[in-house]
Structures are given as structure tokens and as C-alpha cells.
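To be precise, the following lines are entry15.pdb, and they hold PDB, C-alpha atoms and all ligand atoms.
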```pdb
ATOM      1  CA  MET A   1     -93.489 -22.501 -84.002  1.00  0.00           C
ATOM      2  CA  GLU A   2     -96.979 -21.632 -82.882  1.00  0.00           C
ATOM      3  CA  ALA A   3     -96.445 -17.982 -83.701  1.00  0.00           C
ATOM      4  CA  SER A   4     -95.368 -18.702 -87.268  1.00  0.00           C
ATOM      5  CA  PHE A   5     -98.479 -20.829 -87.718  1.00  0.00           C
ATOM      6  CA  VAL A   6    -100.690 -17.919 -86.699  1.00  0.00           C
ATOM      7  CA  ILE A   7     -98.945 -15.560 -89.102  1.00  0.00           C
ATOM      8  CA  ASN A   8     -99.326 -18.052 -91.942  1.00  0.00           C
ATOM      9  CA  LYS A   9    -103.001 -18.421 -91.211  1.00  0.00           C
ATOM     10  CA  VAL A  10    -103.572 -14.655 -91.277  1.00  0.00           C
ATOM     11  CA  ASN A  11    -101.504 -14.465 -94.404  1.00  0.00           C
ATOM     12  CA  ASN A  12    -103.819 -16.848 -96.194  1.00  0.00           C
ATOM     13  CA  ILE A  13    -106.875 -14.754 -95.405  1.00  0.00           C
ATOM     14  CA  ASN A  14    -105.389 -11.618 -96.916  1.00  0.00           C
ATOM     15  CA  GLU A  15    -104.008 -11.538-100.383  1.00  0.00           C
ATOM     16  CA  VAL A  16    -101.680  -8.733 -99.402  1.00  0.00           C
ATOM     17  CA  ASP A  17     -98.100  -9.641 -98.530  1.00  0.00           C
ATOM     18  CA  ILE A  18     -97.825  -9.064 -94.817  1.00  0.00           C
ATOM     19  CA  THR A  19     -94.821 -11.280 -94.238  1.00  0.00           C
ATOM     20  CA  ALA A  20     -92.431  -8.464 -95.198  1.00  0.00           C
ATOM     21  CA  ASP A  21     -91.683  -7.083 -91.734  1.00  0.00           C
ATOM     22  CA  ASP A  22     -93.222  -5.271 -88.824  1.00  0.00           C
ATOM     23  CA  ARG A  23     -91.640  -1.931 -89.500  1.00  0.00           C
ATOM     24  CA  ARG A  24     -94.109   0.907 -89.376  1.00  0.00           C
ATOM     25  CA  PRO A  25     -94.578   2.430 -92.841  1.00  0.00           C
ATOM     26  CA  GLY A  26     -93.967   6.199 -92.773  1.00  0.00           C
ATOM     27  CA  LEU A  27     -96.961   8.422 -92.029  1.00  0.00           C
ATOM     28  CA  LEU A  28     -96.475  10.930 -94.849  1.00  0.00           C
ATOM     29  CA  LEU A  29     -96.001   8.338 -97.561  1.00  0.00           C
ATOM     30  CA  SER A  30     -98.982   6.320 -96.302  1.00  0.00           C
ATOM     31  CA  LEU A  31    -101.158   9.435 -96.445  1.00  0.00           C
ATOM     32  CA  LEU A  32     -99.950  10.350 -99.913  1.00  0.00           C
ATOM     33  CA  LYS A  33    -100.628   6.820-101.118  1.00  0.00           C
ATOM     34  CA  CYS A  34    -104.115   6.860 -99.492  1.00  0.00           C
ATOM     35  CA  LYS A  35    -103.419   3.884 -97.271  1.00  0.00           C
ATOM     36  CA  CYS A  36    -105.524   2.750 -94.324  1.00  0.00           C
ATOM     37  CA  PRO A  37    -104.271   4.686 -91.255  1.00  0.00           C
ATOM     38  CA  ARG A  38    -104.455   1.671 -88.941  1.00  0.00           C
ATOM     39  CA  CYS A  39    -102.197  -0.748 -90.833  1.00  0.00           C
ATOM     40  CA  ARG A  40    -100.741   1.655 -93.435  1.00  0.00           C
ATOM     41  CA  ARG A  41    -100.859  -1.262 -95.853  1.00  0.00           C
ATOM     42  CA  GLY A  42    -104.400  -1.609 -97.191  1.00  0.00           C
ATOM     43  CA  ASP A  43    -105.860   0.777 -99.767  1.00  0.00           C
ATOM     44  CA  MET A  44    -108.629   3.193 -98.772  1.00  0.00           C
ATOM     45  CA  PHE A  45    -110.120   3.322-102.254  1.00  0.00           C
ATOM     46  CA  GLU A  46    -111.214   0.513-104.515  1.00  0.00           C
ATOM     47  CA  ASN A  47    -109.666   1.796-107.715  1.00  0.00           C
ATOM     48  CA  LYS A  48    -106.021   2.814-107.456  1.00  0.00           C
ATOM     49  CA  ASN A  49    -106.396   5.527-110.093  1.00  0.00           C
ATOM     50  CA  PRO A  50    -108.300   8.595-108.752  1.00  0.00           C
ATOM     51  CA  TYR A  51    -108.881   9.851-112.308  1.00  0.00           C
ATOM     52  CA  VAL A  52    -111.389   7.138-113.102  1.00  0.00           C
ATOM     53  CA  LEU A  53    -113.934   9.742-112.016  1.00  0.00           C
ATOM     54  CA  ARG A  54    -116.909   7.458-111.552  1.00  0.00           C
ATOM     55  CA  LYS A  55    -114.910   5.590-108.935  1.00  0.00           C
ATOM     56  CA  THR A  56    -112.876   8.417-107.435  1.00  0.00           C
ATOM     57  CA  MET A  57    -114.730   8.361-104.119  1.00  0.00           C
ATOM     58  CA  LYS A  58    -115.596   4.661-104.104  1.00  0.00           C
ATOM     59  CA  MET A  59    -114.245   3.331-100.824  1.00  0.00           C
ATOM     60  CA  SER A  60    -114.119  -0.167 -99.525  1.00  0.00           C
ATOM     61  CA  ARG A  61    -116.337  -0.763 -96.509  1.00  0.00           C
ATOM     62  CA  GLU A  62    -113.359  -1.826 -94.468  1.00  0.00           C
ATOM     63  CA  CYS A  63    -109.636  -2.283 -94.896  1.00  0.00           C
ATOM     64  CA  ALA A  64    -108.815  -5.463 -96.835  1.00  0.00           C
ATOM     65  CA  VAL A  65    -105.692  -5.972 -94.729  1.00  0.00           C
ATOM     66  CA  CYS A  66    -106.645  -5.140 -91.121  1.00  0.00           C
ATOM     67  CA  LYS A  67    -110.486  -4.920 -91.228  1.00  0.00           C
ATOM     68  CA  GLN A  68    -110.563  -1.336 -90.008  1.00  0.00           C
ATOM     69  CA  PRO A  69    -114.010   0.099 -90.947  1.00  0.00           C
ATOM     70  CA  PHE A  70    -113.598   3.150 -93.180  1.00  0.00           C
ATOM     71  CA  ASN A  71    -116.976   4.736 -92.613  1.00  0.00           C
ATOM     72  CA  ILE A  72    -116.920   4.995 -88.851  1.00  0.00           C
ATOM     73  CA  GLU A  73    -120.125   6.990 -88.518  1.00  0.00           C
ATOM     74  CA  VAL A  74    -122.851   8.568 -90.648  1.00  0.00           C
ATOM     75  CA  GLY A  75    -121.602  11.640 -92.455  1.00  0.00           C
ATOM     76  CA  PHE A  76    -118.105  11.112 -91.123  1.00  0.00           C
ATOM     77  CA  TYR A  77    -116.397  12.459 -94.208  1.00  0.00           C
ATOM     78  CA  TYR A  78    -118.085  15.867 -94.097  1.00  0.00           C
ATOM     79  CA  GLY A  79    -115.208  16.795 -91.853  1.00  0.00           C
ATOM     80  CA  SER A  80    -112.700  15.975 -94.559  1.00  0.00           C
ATOM     81  CA  SER A  81    -113.328  19.441 -96.020  1.00  0.00           C
ATOM     82  CA  TYR A  82    -111.124  20.851 -93.235  1.00  0.00           C
ATOM     83  CA  VAL A  83    -108.271  18.699 -94.469  1.00  0.00           C
ATOM     84  CA  SER A  84    -109.079  19.631 -98.054  1.00  0.00           C
ATOM     85  CA  TYR A  85    -108.883  23.318 -97.154  1.00  0.00           C
ATOM     86  CA  ALA A  86    -105.580  22.897 -95.313  1.00  0.00           C
ATOM     87  CA  VAL A  87    -104.044  20.949 -98.206  1.00  0.00           C
ATOM     88  CA  THR A  88    -105.251  23.537-100.727  1.00  0.00           C
ATOM     89  CA  VAL A  89    -103.698  26.373 -98.734  1.00  0.00           C
ATOM     90  CA  ALA A  90    -100.454  24.434 -98.233  1.00  0.00           C
ATOM     91  CA  LEU A  91    -100.211  23.645-101.954  1.00  0.00           C
ATOM     92  CA  SER A  92    -100.871  27.251-102.898  1.00  0.00           C
ATOM     93  CA  VAL A  93     -98.187  28.470-100.517  1.00  0.00           C
ATOM     94  CA  ALA A  94     -95.792  25.901-102.002  1.00  0.00           C
ATOM     95  CA  THR A  95     -96.437  26.952-105.607  1.00  0.00           C
ATOM     96  CA  PHE A  96     -96.228  30.612-104.548  1.00  0.00           C
ATOM     97  CA  VAL A  97     -92.787  30.112-102.999  1.00  0.00           C
ATOM     98  CA  ALA A  98     -91.593  27.992-105.940  1.00  0.00           C
ATOM     99  CA  TRP A  99     -92.827  30.642-108.387  1.00  0.00           C
ATOM    100  CA  TRP A 100     -91.167  33.369-106.360  1.00  0.00           C
ATOM    101  CA  ILE A 101     -87.816  31.571-106.468  1.00  0.00           C
ATOM    102  CA  LEU A 102     -87.943  30.321-110.062  1.00  0.00           C
ATOM    103  CA  ILE A 103     -89.843  33.079-111.861  1.00  0.00           C
ATOM    104  CA  GLY A 104     -90.235  35.931-109.404  1.00  0.00           C
ATOM    105  CA  PHE A 105     -92.962  38.490-108.833  1.00  0.00           C
ATOM    106  CA  SER A 106     -93.039  42.106-109.916  1.00  0.00           C
ATOM    107  CA  LEU A 107     -95.504  44.969-109.784  1.00  0.00           C
ATOM    108  CA  GLN A 108     -94.359  45.903-113.288  1.00  0.00           C
ATOM    109  CA  ASP A 109     -95.876  42.878-115.045  1.00  0.00           C
ATOM    110  CA  ASN A 110     -98.522  40.174-114.778  1.00  0.00           C
ATOM    111  CA  ARG A 111     -96.438  37.465-113.173  1.00  0.00           C
ATOM    112  CA  PHE A 112     -98.605  37.430-110.047  1.00  0.00           C
ATOM    113  CA  PHE A 113    -101.687  36.950-112.217  1.00  0.00           C
ATOM    114  CA  TYR A 114     -99.985  34.130-114.130  1.00  0.00           C
ATOM    115  CA  TRP A 115     -99.201  32.405-110.861  1.00  0.00           C
ATOM    116  CA  MET A 116    -102.871  32.636-109.842  1.00  0.00           C
ATOM    117  CA  VAL A 117    -103.958  31.045-113.123  1.00  0.00           C
ATOM    118  CA  PHE A 118    -101.283  28.356-112.839  1.00  0.00           C
ATOM    119  CA  ASN A 119    -102.235  27.602-109.245  1.00  0.00           C
ATOM    120  CA  SER A 120    -105.958  27.400-110.021  1.00  0.00           C
ATOM    121  CA  VAL A 121    -105.440  25.053-112.951  1.00  0.00           C
ATOM    122  CA  LEU A 122    -103.167  22.876-110.838  1.00  0.00           C
ATOM    123  CA  LEU A 123    -105.665  22.700-107.982  1.00  0.00           C
ATOM    124  CA  ILE A 124    -108.522  21.818-110.311  1.00  0.00           C
ATOM    125  CA  ALA A 125    -106.473  19.168-112.100  1.00  0.00           C
ATOM    126  CA  ALA A 126    -105.391  17.670-108.788  1.00  0.00           C
ATOM    127  CA  GLN A 127    -108.895  17.717-107.322  1.00  0.00           C
ATOM    128  CA  PRO A 128    -109.757  13.990-107.653  1.00  0.00           C
ATOM    129  CA  TYR A 129    -106.531  13.060-105.905  1.00  0.00           C
ATOM    130  CA  LEU A 130    -106.872  15.848-103.317  1.00  0.00           C
ATOM    131  CA  MET A 131    -110.375  14.673-102.400  1.00  0.00           C
ATOM    132  CA  ARG A 132    -108.963  11.236-101.675  1.00  0.00           C
ATOM    133  CA  LEU A 133    -106.079  12.706 -99.746  1.00  0.00           C
ATOM    134  CA  ALA A 134    -108.526  14.718 -97.621  1.00  0.00           C
ATOM    135  CA  ARG A 135    -110.500  11.620 -96.690  1.00  0.00           C
ATOM    136  CA  THR A 136    -107.377   9.670 -95.885  1.00  0.00           C
ATOM    137  CA  GLY A 137    -106.064  12.499 -93.729  1.00  0.00           C
ATOM    138  CA  TRP A 138    -109.395  12.943 -91.975  1.00  0.00           C
ATOM    139  CA  LEU A 139    -109.633   9.261 -91.063  1.00  0.00           C
ATOM    140  CA  ALA A 140    -106.027   9.350 -89.872  1.00  0.00           C
ATOM    141  CA  PHE A 141    -107.024  11.966 -87.271  1.00  0.00           C
ATOM    142  CA  PHE A 142    -109.263   9.393 -85.614  1.00  0.00           C
ATOM    143  CA  VAL A 143    -107.554   6.107 -86.364  1.00  0.00           C
ATOM    144  CA  ARG A 144    -103.982   5.708 -85.190  1.00  0.00           C
ATOM    145  CA  TYR A 145    -101.384   3.300 -86.445  1.00  0.00           C
ATOM    146  CA  ASP A 146    -101.754  -0.014 -84.622  1.00  0.00           C
ATOM    147  CA  LYS A 147     -98.695  -2.228 -84.410  1.00  0.00           C
ATOM    148  CA  ASN A 148    -101.045  -5.169 -83.843  1.00  0.00           C
ATOM    149  CA  TRP A 149    -102.733  -4.464 -87.158  1.00  0.00           C
ATOM    150  CA  ARG A 150    -102.820  -8.179 -87.990  1.00  0.00           C
ATOM    151  CA  THR A 151    -105.573  -8.527 -85.378  1.00  0.00           C
ATOM    152  CA  PRO A 152    -108.873  -7.005 -86.556  1.00  0.00           C
ATOM    153  CA  PRO A 153    -110.080  -4.043 -84.454  1.00  0.00           C
ATOM    154  CA  THR A 154    -112.811  -5.276 -82.101  1.00  0.00           C
ATOM    155  CA  VAL A 155    -113.751  -2.425 -79.765  1.00  0.00           C
ATOM    156  CA  GLN A 156    -112.289   0.116 -82.137  1.00  0.00           C
ATOM    157  CA  LEU A 157    -115.611   1.659 -83.179  1.00  0.00           C
ATOM    158  CA  GLU A 158    -116.841   2.399 -79.668  1.00  0.00           C
ATOM    159  CA  ARG A 159    -113.527   3.814 -78.641  1.00  0.00           C
ATOM    160  CA  LEU A 160    -113.488   6.001 -81.735  1.00  0.00           C
ATOM    161  CA  ASN A 161    -116.878   7.479 -80.968  1.00  0.00           C
ATOM    162  CA  GLU A 162    -115.728   8.440 -77.509  1.00  0.00           C
ATOM    163  CA  GLU A 163    -112.674  10.120 -78.916  1.00  0.00           C
ATOM    164  CA  GLN A 164    -114.843  12.024 -81.332  1.00  0.00           C
ATOM    165  CA  GLU A 165    -117.164  13.243 -78.629  1.00  0.00           C
ATOM    166  CA  LYS A 166    -114.218  15.023 -77.073  1.00  0.00           C
ATOM    167  CA  ASN A 167    -113.173  16.418 -80.409  1.00  0.00           C
ATOM    168  CA  TRP A 168    -116.408  17.843 -81.719  1.00  0.00           C
TER     169      TRP A 168
HETATM  170 ZN    ZN B   1    -105.832  -1.395 -92.604  1.00  0.00          ZN
END
```
Exercise: express the given structure as C-alpha cells:
Amino acid sequence: MEASFVINKVNNINEVDITADDRRPGLLLSLLKCKCPRCRRGDMFENKNPYVLRKTMKMSRECAVCKQPFNIEVGFYYGSSYVSYAVTVALSVATFVAWWILIGFSLQDNRFFYWMVFNSVLLIAAQPYLMRLARTGWLAFFVRYDKNWRTPPTVQLERLNEEQEKNW
């Protein structure tokens, strides 16, 4: 009885439906949807649509659901370029393989060149979303899923800095 009271109280603070269940949302889908890595429920970015370019990189200060701070230190997101690079390479490999299977490559014609043009256009068009994905992925390196996400992180920041000192 006491426990349900606590959950109801938390539920009133957040407008997000957290009564659903305690199952951990999948990592890949949470990343792709740019969700907070700690609760995998709150949104990292204020505007859901990354193609509203003025607001593409506009992040909330902290997660609306679990209060995880998103900017955990000055210049934190410089490191997201590593993720951006990895995603770009992975996407290019994927389109290369898909092109190879569906269209094929030959030294006799320009199909390799066409793939390069196609891939470049795709990467440029996807850029606003990929930039968000890179930030989400970068934060997820440092902030793990917390099954007690209903409780705001208290010592989280200090612990995170220690972890980073080992990583840099
Ligand atoms: Zn969160």
C-alpha cells in the first residue's frame, strides 16, 4: 500500500506515463529514438523532429522523467564526434553491401561512382538525425541504464567524473 502511494506521487510529478511496467526498454531502440540512457524513457532533445534545424541540437538540461543531467561536464559533447564517425562508417558499409547485393559493382561502368553519390546524399540528408544519435550514443557510454530510474540520480555526477577520468 505504501509502495503504490510512492509510485503515484512520482507519477504526478512527471507527465510521462511511468506506470506501464518496469521492463527495461531495449538499448538499440532507445538509442535510435534518442532517449535518455538512464531511464530510456525521457527524450534527450526538446523538439521531437530533428529537421526543425534551429532546434536540432536543443537539449533539455536534464531528463524530464528521471532527472539525469544531460550536460555532465563542460564540452562533454565534443566526444560525440567519435560516435558520429563510427555511425557514418557503419552506414556507409551498410549501403555498400546493400548496393552490392541489389545493384552490384563492376569495373566496366560507373556503378561504384553512383553508390558514392547516393551514399553522400544520404549521409548529408540524415545529418540532423545523425548528430542527435551521436550525442545520445556518447552519453550512453557514460550513463548506464538504472533500474531505479524513478529515483533522481544524487551522486551520479561525481561518480561519472571519476569514470571519465579513467576513460580519457
Ligand atoms: Zn531519464
Note to self: 10 Å from ligand ZN 1 (chain B) is the threshold here; counting only C-alpha atoms and all ligand atoms, which polymer residues fall inside it? Answer as an MDAnalysis selection string.
What the structure shows: chainID A and resid 35:44 62:70 143 145:146 149:150 152:153
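Take CA of Leu107 in chain A and CA of Thr88 in chain A: the distance between them is 25.2 Å.
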Return as a CSV table (one decimal) with C-alpha atoms, in the frame of the given file the set of residues that the PyMOL selection byres (((chain A and resi 132) around 10) and not hetatm) yields on the displayed structure.
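The result, stored in part04.csv:
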```
chain,number,residue,atom,x,y,z
A,31,LEU,CA,-101.2,9.4,-96.4
A,32,LEU,CA,-100.0,10.4,-99.9
A,33,LYS,CA,-100.6,6.8,-101.1
A,34,CYS,CA,-104.1,6.9,-99.5
A,44,MET,CA,-108.6,3.2,-98.8
A,45,PHE,CA,-110.1,3.3,-102.3
A,50,PRO,CA,-108.3,8.6,-108.8
A,56,THR,CA,-112.9,8.4,-107.4
A,57,MET,CA,-114.7,8.4,-104.1
A,58,LYS,CA,-115.6,4.7,-104.1
A,59,MET,CA,-114.2,3.3,-100.8
A,80,SER,CA,-112.7,16.0,-94.6
A,84,SER,CA,-109.1,19.6,-98.1
A,127,GLN,CA,-108.9,17.7,-107.3
A,128,PRO,CA,-109.8,14.0,-107.7
A,129,TYR,CA,-106.5,13.1,-105.9
A,130,LEU,CA,-106.9,15.8,-103.3
A,131,MET,CA,-110.4,14.7,-102.4
A,133,LEU,CA,-106.1,12.7,-99.7
A,134,ALA,CA,-108.5,14.7,-97.6
A,135,ARG,CA,-110.5,11.6,-96.7
A,136,THR,CA,-107.4,9.7,-95.9
A,137,GLY,CA,-106.1,12.5,-93.7
A,138,TRP,CA,-109.4,12.9,-92.0
```
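With CA of Glu46 in chain A on one side and CA of Arg61 in chain A on the other, the separation reads 9.6 Å.
Across the structure, CA of Phe96 in chain A and CA of Leu28 in chain A are spaced 21.9 Å apart.
The closest residue to Phe112 in chain A, picked from A:Ala125, A:Leu29, A:Val97, A:Ala90 and counting all atoms listed in the file, is A:Val97.
Comparing A:Ala126, A:Val89, A:Ala140, A:Gly26 by their smallest distance to Tyr51 in chain A, the closest is A:Ala126 (using all atoms listed in the file).
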As AutoDock Vina command-line options: centre and edge lengths in Å, one decimal, of the axis-aligned box holding range 88-95 of chain A with 3 Å per side:
```
--center_x -100.5 --center_y 26.0 --center_z -101.9 --size_x 15.5 --size_y 10.9 --size_z 13.4
```
